[in-house]
Amino acid sequence: MTNRRTLLTSGLSGLSLAMLGGTASFAQAETGSGKFVFIILRGAMDGLTAVVPYNDPAYRSFRGTIALDGPGGPNGTLPLVDGFGLHPALKEMHGMWQTGQMSFMHAAASPYRERSHFDAQDLLEAGTAQLTSVRSGWMNRALAMLPSGPTQEGVAIGRTIPLVLRGPAKATSWAPPLAPESDGDTLARLSDLYAGDAMLSNALAMAIETDRIADGGTMISGDTGRGRQGAYAPLASAAARILAAPGGPAGAVLSFEGWDTHANQGGAQGQLANRLEALDNAIKAMRVGLGPVWANTTIVIATEFGRTVRVNGTGGTDHGTGGVSFLLGGAVKGGRMLGDWPGLSRLFEDRDLVPANDVRQLFAQGLTNAWGLDRQAVLSRVFTA
Amino acid sequence: MSLNAVIAANRFGFGARPGDLTRVAQDPKAWLVSQIGQSRATSINSDGLLSSAQAFEALQTYQQARAAQQRAAASPSPAVSVDERVRLADLVNQTTGREIEARIQHAVTTTAPFAERWVQFWSNHFTMAARNVQTTPFPGSFEREAIRPYVWGRFEELLVKADTHVGMLIYLDQAQSIGPNSQAAQNQQGRRRAAGLNENLAREILELHTLGADGGYSQADVTEFARALTGWTVAGPRLRRLAQDAKIGTTIFVPALHEPGARVVLGKSFPPAGENQALAILSHLARQPSVAKRIAFKVAQHFVADDPPQALVARLEASFRQSGGDLAALAKTLIQSPEAWAPEASKFKTPNDFLISTMRASGATAASMQALRATFEQLGQTPWRAPSPKGWPDVASEWAAPDAILKRIDWANLAADVIGETFQPIAFAESALGPALTDKTRIAISRAQTARQGIVLALMSPEFQRR
């Protein structure tokens with residue numbers, strides 16, 4: 001146990017210098033003064049669509065119909081560092097990139113190497129090297145390091161507190177007052193599950209049709225119709241309000257769902273582009289809602305794993321390994337690509353982007369940046385087993 | 001683990017709590033049989049709940065206060081303050097709320113879920129529902145006093161206890177029924193509001209509690225039976241002169257209200273016998289072959305299939321007839337019937353049973369029952385609020401409307417958040433469904449985008465929705 005812990009800690013700190021070029025490029029804040037926001041994209045966002053390695057020689061052949069182009073092309077991305085383009089739907093985030101308020105880490109992954117959403121999300125939130133029976137999250141453990149007081153608190157936007165925010169430090173949750181509706185994706189999965197049950201499948205099909213009509217003919221999945229999926233921005237606004245209030249909490253967690261694009265994920269437009277646009281709108285809502293507090297805010301966006309490098313037979317991608325993570329906010333001195341790019345010439349298990357960078361490095365960087373915590377202390381006390 | 005453990009827990013019970021399936025698997029049939037017996041059915045915690053007599057008094061106080069206030073509305077100093085009325089109304093409402101919570105809590109936590117299903121089956125057969133202020137305080141005490149203690153005895157006894165309980169006498173208007181030629185009616189003649197015969201209870205006993213609508217009785221039978229029932233009423237303030245010693249809010253027989261004379265029901269003559277005249281008719285009804293047939297069908301339909309196997313119905317019918325309506329024997333026959341253990345799960349859970357089984361599967365304890373009350377309402381089945389004396393429907397077509405399915409999914413979304421705090425989705429599905437969990441559902445759960453979605457898929461899977 002001790003050995004593993006020591007190894008993990010030293011491994012992390014060893015990597016950090018090489019990967020991130022030290023901490024000097026980040027705004028230094030007094031302990032506890034900033035706001036930290038963690039956004040979990042549940043369902044596994046396709047990193048190669050969010051941040052496109054358009055110059056990689058293998059990219060186009062792997063991606064086929066869902067490939068995007070470099071800046072300026074017909075399906076053009078927005079310029080990042082040379083060879084990498086941001087999905088055109090992420091306009092607000094690109095503006096932050098241009099003003100030096102955003103960095104990204106490609107080929108990022110937690111230590112998880114299997115392909116179950118739940119286990120992967122658990123490990124992403126636990127912040128440990130592997131799943132253990134310890135049920136606390138890294139953000140909570142970091143909160144516990146802040147000076148005690150009313151702001152030593154985290155808020156989860158949702159009806160329950162996700163693992164990342166569970167633990168010894170105080171955590172609350174806030175949910176929109178509306179009763180949640182089941183989203184289009186869940187209904188679609190139930191439709192599949194009901195294939196052998198005539199009564200249930202007929203009832204559900206009629207319900208979906210009725211709902212579609214009631215919504216004025218818009219589709220049930222995607223951004224409109226039933227769904228928590230399209231509703232990221234209101235949640236971000238709520239988080240901003242809570243964070244910016246006098247004596248408000250030091251941190252917030254938001255979960256955005258609907259990234260599991262096994263079929264018809266699309267390219268510059270389509271299902272995934274709609275999700276990305278909703279994410280971008282949420283970031284904008286966060287910036288606007290935080291007002292002057294934005295300048296002290298650090299946001300980390302992560303997902304449980306990336307998706308397969310090859311497009312599959314149904315125009316989608318399947319569960320993979322390496323993905324993309326973002327670090328952004330008014331308190332971030334960014335405008336850079338973090339970590340290594342492993343390229344597409346060699347794939348992990350001949351299918352996934354190689355997980356070259358430990359996403360916990362990015363988490364640690366975000367916590368250090370937001371709360372002025374000692375980086376070594378964060379690595380040894382927060383991201384241990 | 002054999003499928004029989006799941007069938008015992010789901011089809012005969014309210015679904016497995018964590019760990020239940022392992023225990024049940026040792027001997028599923030013995031586990032069910034062991035639940036038969038008075039104490040298991042009556043073990044509900046009734047701390048803080050009112051007896052029917054106490055509920056009656058509370059209601060009387062409330063209604064008197066309201067009447068006094070209405071009379072005094074124009075007066076500058078009303079006899080009863082608005083605050084007092086609100087307080088009394090709250091008392092009545094709280095009584096109902098606590099009853100509902102106690103019932104849900106018992107079903108969620110009981111270690112004898114088959115006994116509780118059996119109780120709820122009979123409670124629904126003898127529906128006594130809250131439909132207005134007069135009936136609202138009673139269904140809980142009705143079930144505890146007139147149903148639970150008698151569900152393992154003889155049908156005839158249960159019939160008498162249910163249909164002479166204060167709650168039922170009020171619900172089906174028997175409390176107001178007066179023989180047209182009774183002593184009280186004679187004395188009352190010429191007064192402004194002459195009371196008379198009310199046939200409601202007699203009709204529902206024949207149509208719903210015993211013979212059934214096609215059970216071969218006529219309108220004359222209804223009227224005659226209603227006459228025989230006169231005198232059976234509730235001791236209340238208006239009867240103070242006629243029944244001075246009676247305890248307020250209890251069932252009494254008042255000879256002065258009883259219609260004199262012999263009665264003919266189903267072709268059989270019942271001589272004058274006071275209160276025993278109606279009891280003799282009830283006893284006669286309980287022995288009719290159509291009752292055995294109907295109860296057998298209802299039990300089979302409730303536990304096994306909307307369109308139950310004929311062999312099962314015949315076996316239950318024979319058991320009922322040969323045992324003289326012994327309900328424990330009937331339950332044992334059900335447990336021993338091979339048709340009841342068919343692997344195919346064809347019954348679709350009612351909202352009540354879906355909610356209770358979800359709570360059981362999640363290992364829920366008493367804490368959250370209050371919040372659940374609203375959910376029963378949203379899903380269309382508030383305890384003791386059946387829309388008519390016929391009770392809740394017992395077939396899938398009544399419960400599987402498109403909107404109803406969607407509401408279940410929406411609620412499952414909520415529940416999944418809470419369940420996800422303690423369970424991984426596959427572990428949850430395995431704990432609740434054991435070997436009934438199909439590969440198809442298992443794969444769908446394992447592919448879900450979030451733990452919550454996985455739990456929603458488990459809760460809404462055909463094998464969890466059906467039993």
# chains A, B, ... in the order shown; residues from 1 in each chain; ligands from 1

call {"tool": "interface_residues", "arguments": {"of": "chain B", "to": "chain A", "cutoff": "8 Å", "atoms": "only C-alpha atoms", "output": "list in words"}}
result
Ala400, Ala401, Pro402, Asp403, Ile405, Leu406, Ile409, Asp410, Asn413, Leu414, Asp417, Val418, Gln424, Lys440, Thr441, Ala444, Ser446, Arg447, Ala448, Gln449, Thr450, Ala451, Gln453, Leu457, Met460, Ser461 and Pro462 of chain B

call {"tool": "write_last_selection", "arguments": {"atoms": "N, CA and C atoms", "output": "compact mmCIF listing (two decimals), in the first residue's frame"}}
result
# COMPACT_ATOMS: atom_id res chain seq x y z
N ALA B 400 -50.56 0.11 -18.29
CA ALA B 400 -49.42 0.29 -19.20
C ALA B 400 -49.70 1.32 -20.28
N ALA B 401 -50.47 2.33 -19.98
CA ALA B 401 -50.69 3.40 -20.96
C ALA B 401 -49.37 4.09 -21.25
N PRO B 402 -49.22 4.62 -22.48
CA PRO B 402 -47.94 5.25 -22.84
C PRO B 402 -47.48 6.29 -21.82
N ASP B 403 -48.40 7.15 -21.42
CA ASP B 403 -48.00 8.20 -20.48
C ASP B 403 -47.57 7.61 -19.13
N ILE B 405 -46.11 4.74 -18.67
CA ILE B 405 -44.75 4.20 -18.81
C ILE B 405 -43.73 5.34 -18.70
N LEU B 406 -44.03 6.43 -19.38
CA LEU B 406 -43.12 7.58 -19.36
C LEU B 406 -42.95 8.12 -17.94
N ILE B 409 -40.60 5.98 -16.12
CA ILE B 409 -39.21 6.22 -16.53
C ILE B 409 -38.71 7.50 -15.85
N ASP B 410 -39.53 8.53 -15.86
CA ASP B 410 -39.12 9.79 -15.23
C ASP B 410 -38.83 9.60 -13.75
N ASN B 413 -35.63 7.80 -13.14
CA ASN B 413 -34.49 8.72 -13.23
C ASN B 413 -34.16 9.34 -11.88
N LEU B 414 -35.18 9.73 -11.17
CA LEU B 414 -34.99 10.31 -9.84
C LEU B 414 -34.44 9.27 -8.87
N ASP B 417 -30.72 8.20 -9.08
CA ASP B 417 -29.72 9.06 -8.45
C ASP B 417 -29.43 8.58 -7.04
N VAL B 418 -30.50 8.28 -6.32
CA VAL B 418 -30.34 7.87 -4.93
C VAL B 418 -29.74 6.46 -4.86
N GLN B 424 -23.67 -0.12 -7.71
CA GLN B 424 -23.28 -0.13 -9.11
C GLN B 424 -24.45 -0.75 -9.88
N LYS B 440 -29.64 -9.75 -22.32
CA LYS B 440 -29.94 -8.54 -23.08
C LYS B 440 -29.95 -7.30 -22.17
N THR B 441 -30.63 -7.44 -21.04
CA THR B 441 -30.69 -6.31 -20.11
C THR B 441 -29.34 -6.05 -19.49
N ALA B 444 -27.33 -4.15 -21.93
CA ALA B 444 -27.82 -2.76 -22.03
C ALA B 444 -27.37 -1.95 -20.82
N SER B 446 -24.75 -2.55 -18.90
CA SER B 446 -23.30 -2.36 -18.88
C SER B 446 -22.87 -1.33 -19.92
N ARG B 447 -23.69 -1.09 -20.92
CA ARG B 447 -23.35 -0.11 -21.94
C ARG B 447 -23.90 1.27 -21.65
N ALA B 448 -24.61 1.41 -20.56
CA ALA B 448 -25.22 2.71 -20.27
C ALA B 448 -24.16 3.79 -20.12
N GLN B 449 -24.57 5.04 -20.40
CA GLN B 449 -23.61 6.15 -20.38
C GLN B 449 -23.22 6.54 -18.97
N THR B 450 -24.14 6.41 -18.06
CA THR B 450 -23.89 6.81 -16.69
C THR B 450 -24.44 5.73 -15.77
N ALA B 451 -23.97 5.74 -14.55
CA ALA B 451 -24.51 4.79 -13.58
C ALA B 451 -26.01 5.00 -13.44
N GLN B 453 -28.15 6.10 -15.67
CA GLN B 453 -28.86 5.52 -16.81
C GLN B 453 -28.91 3.99 -16.68
N LEU B 457 -32.28 1.73 -16.64
CA LEU B 457 -32.52 0.59 -17.52
C LEU B 457 -32.87 -0.66 -16.70
N MET B 460 -36.45 -0.19 -15.38
CA MET B 460 -37.47 -0.20 -16.42
C MET B 460 -37.38 -1.43 -17.32
N SER B 461 -36.46 -2.34 -17.02
CA SER B 461 -36.34 -3.54 -17.85
C SER B 461 -37.61 -4.37 -17.74
N PRO B 462 -37.92 -5.11 -18.80
CA PRO B 462 -39.13 -5.97 -18.72
C PRO B 462 -39.11 -6.87 -17.49

call {"tool": "select_by_dssp", "arguments": {"residues": "range 197-358 of chain A", "states": "strand (DSSP E)", "output": "PyMOL selection string"}}
result
chain A and resi 251-257+297-303+323-328+337-338+357-358

call {"tool": "write_last_selection", "arguments": {"atoms": "C-alpha atoms", "output": "CSV table (one decimal), in the first residue's frame"}}
result
chain,number,residue,atom,x,y,z
A,251,GLY,CA,-16.0,24.8,-5.9
A,252,ALA,CA,-18.7,23.4,-8.0
A,253,VAL,CA,-19.2,20.2,-10.0
A,254,LEU,CA,-21.5,19.9,-13.0
A,255,SER,CA,-22.3,16.7,-14.9
A,256,PHE,CA,-23.2,17.0,-18.6
A,257,GLU,CA,-24.6,13.8,-20.1
A,297,THR,CA,-12.2,31.1,-11.8
A,298,THR,CA,-10.6,27.9,-13.0
A,299,ILE,CA,-12.6,25.3,-14.9
A,300,VAL,CA,-11.5,21.8,-15.7
A,301,ILE,CA,-13.5,19.8,-18.3
A,302,ALA,CA,-13.0,16.1,-18.4
A,303,THR,CA,-14.6,12.9,-19.6
A,323,GLY,CA,-9.4,11.7,-24.8
A,324,VAL,CA,-9.3,15.4,-24.5
A,325,SER,CA,-9.4,17.6,-21.4
A,326,PHE,CA,-9.6,21.4,-21.0
A,327,LEU,CA,-8.4,23.8,-18.5
A,328,LEU,CA,-9.9,27.3,-18.8
A,337,MET,CA,-1.2,22.4,-25.4
A,338,LEU,CA,-0.4,20.4,-22.3
A,357,ASN,CA,-1.0,11.9,-20.3
A,358,ASP,CA,-2.4,11.3,-16.8

call {"tool": "residues_around", "arguments": {"residues": "Thr308 in chain A", "least_positions_apart": "3", "cutoff": "10 Å", "atoms": "only C-alpha atoms", "output": "number ranges by chain"}}
result
A: 46-48, 62-63, 262, 305, 311-312, 316-323, 347-348, 350-353

call {"tool": "write_last_selection", "arguments": {"atoms": "C-alpha atoms", "output": "PDB file, in the first residue's frame"}}
result
ATOM      1  CA  ASP A  46     -14.944  11.898 -28.635  1.00  0.00           C
ATOM      2  CA  GLY A  47     -11.699  13.814 -28.158  1.00  0.00           C
ATOM      3  CA  LEU A  48     -10.675  13.533 -31.779  1.00  0.00           C
ATOM      4  CA  PHE A  62      -9.318   6.496 -39.664  1.00  0.00           C
ATOM      5  CA  ARG A  63     -12.126   8.999 -39.478  1.00  0.00           C
ATOM      6  CA  HIS A 262     -22.016   5.048 -30.975  1.00  0.00           C
ATOM      7  CA  PHE A 305     -12.371   8.090 -21.555  1.00  0.00           C
ATOM      8  CA  VAL A 311     -15.156   5.459 -37.219  1.00  0.00           C
ATOM      9  CA  ASN A 312     -17.399   2.416 -36.837  1.00  0.00           C
ATOM     10  CA  GLY A 316     -20.094   6.623 -34.699  1.00  0.00           C
ATOM     11  CA  THR A 317     -17.262   5.673 -32.394  1.00  0.00           C
ATOM     12  CA  ASP A 318     -17.015   3.181 -29.561  1.00  0.00           C
ATOM     13  CA  HIS A 319     -15.501   3.221 -26.097  1.00  0.00           C
ATOM     14  CA  GLY A 320     -11.805   4.067 -26.205  1.00  0.00           C
ATOM     15  CA  THR A 321      -9.011   5.281 -23.960  1.00  0.00           C
ATOM     16  CA  GLY A 322      -7.160   8.556 -24.574  1.00  0.00           C
ATOM     17  CA  GLY A 323      -9.356  11.657 -24.811  1.00  0.00           C
ATOM     18  CA  LEU A 347      -2.775   2.920 -31.260  1.00  0.00           C
ATOM     19  CA  PHE A 348      -3.497   1.576 -27.783  1.00  0.00           C
ATOM     20  CA  ASP A 350      -4.830  -1.255 -31.935  1.00  0.00           C
ATOM     21  CA  ARG A 351      -7.947   0.845 -31.525  1.00  0.00           C
ATOM     22  CA  ASP A 352      -7.614   3.771 -29.111  1.00  0.00           C
ATOM     23  CA  LEU A 353      -5.611   6.951 -28.833  1.00  0.00           C
TER      24      LEU A 353
END

call {"tool": "residues_around", "arguments": {"residues": "Ala345 in chain B", "least_positions_apart": "6", "cutoff": "9 Å", "atoms": "only C-alpha atoms", "output": "list in words"}}
result
Ile7, Arg11, Val304, Ala305, Pro462, Glu463, Arg466 and Arg467 of chain B

call {"tool": "write_last_selection", "arguments": {"atoms": "N, CA and C atoms", "output": "mmCIF file, in the first residue's frame"}}
result
data_model
loop_
_atom_site.group_PDB
_atom_site.id
_atom_site.type_symbol
_atom_site.label_atom_id
_atom_site.label_comp_id
_atom_site.auth_asym_id
_atom_site.auth_seq_id
_atom_site.Cartn_x
_atom_site.Cartn_y
_atom_site.Cartn_z
ATOM 1 N N ILE B 7 -38.900 -15.880 -8.498
ATOM 2 C CA ILE B 7 -40.357 -15.933 -8.649
ATOM 3 C C ILE B 7 -41.025 -15.770 -7.281
ATOM 4 N N ARG B 11 -42.953 -12.516 -7.827
ATOM 5 C CA ARG B 11 -44.328 -12.794 -8.208
ATOM 6 C C ARG B 11 -45.232 -12.935 -6.980
ATOM 7 N N VAL B 304 -50.697 -14.450 -10.822
ATOM 8 C CA VAL B 304 -50.042 -15.253 -11.870
ATOM 9 C C VAL B 304 -50.162 -14.651 -13.274
ATOM 10 N N ALA B 305 -51.356 -14.351 -13.737
ATOM 11 C CA ALA B 305 -51.482 -13.871 -15.116
ATOM 12 C C ALA B 305 -52.807 -13.151 -15.303
ATOM 13 N N PRO B 462 -37.924 -5.113 -18.804
ATOM 14 C CA PRO B 462 -39.126 -5.969 -18.722
ATOM 15 C C PRO B 462 -39.112 -6.868 -17.493
ATOM 16 N N GLU B 463 -37.936 -7.392 -17.139
ATOM 17 C CA GLU B 463 -37.920 -8.330 -16.007
ATOM 18 C C GLU B 463 -38.128 -7.650 -14.661
ATOM 19 N N ARG B 466 -42.099 -6.595 -14.865
ATOM 20 C CA ARG B 466 -43.018 -7.740 -14.807
ATOM 21 C C ARG B 466 -42.622 -8.664 -13.671
ATOM 22 N N ARG B 467 -43.469 -9.623 -13.410
ATOM 23 C CA ARG B 467 -43.143 -10.550 -12.325
ATOM 24 C C ARG B 467 -43.670 -11.943 -12.661
#

call {"tool": "atom_distance", "arguments": {"atom1": "CA of Ile100 in chain B", "atom2": "CA of Pro139 in chain B"}}
result
9.3 Å

call {"tool": "residues_around", "arguments": {"residues": "Thr233 in chain B", "least_positions_apart": "2", "cutoff": "12 Å", "atoms": "only C-alpha atoms", "output": "PyMOL selection string"}}
result
chain B and resi 163-179+198+201+229-231+235-236+238-239+242-243+246+248-258+275

call {"tool": "atom_distance", "arguments": {"atom1": "CA of Ala41 in chain B", "atom2": "CA of Phe142 in chain B"}}
result
13.9 Å

call {"tool": "residues_around", "arguments": {"residues": "Leu68 in chain A", "least_positions_apart": "3", "cutoff": "8 Å", "atoms": "only C-alpha atoms", "output": "VMD selection string"}}
result
chain A and resid 49 52 54 75 to 77 267 to 268

call {"tool": "select_by_dssp", "arguments": {"residues": "range 13-237 of chain B", "states": "alpha helix (DSSP H)", "output": "PyMOL selection string"}}
result
chain B and resi 20-25+28-33+38-41+52-71+82-109+113-125+139-142+155-163+166-171+183-188+200-204+219-229

call {"tool": "atom_distance", "arguments": {"atom1": "CA of Phe84 in chain A", "atom2": "CA of Gln98 in chain A"}}
result
13.9 Å

call {"tool": "closest_residue", "arguments": {"among": "A:Trp371, A:Tyr112, A:Tyr59, A:Trp174", "to": "Ala239 in chain A", "atoms": "only C-alpha atoms"}}
result
A:Trp174

call {"tool": "residues_around", "arguments": {"residues": "range 429-431 of chain B", "least_positions_apart": "4", "cutoff": "10 Å", "atoms": "only C-alpha atoms", "output": "ChimeraX atom specification"}}
result
/B:16-22,361-362,423-425,435-438,441-442,445,454-455,457-459,461,463-464
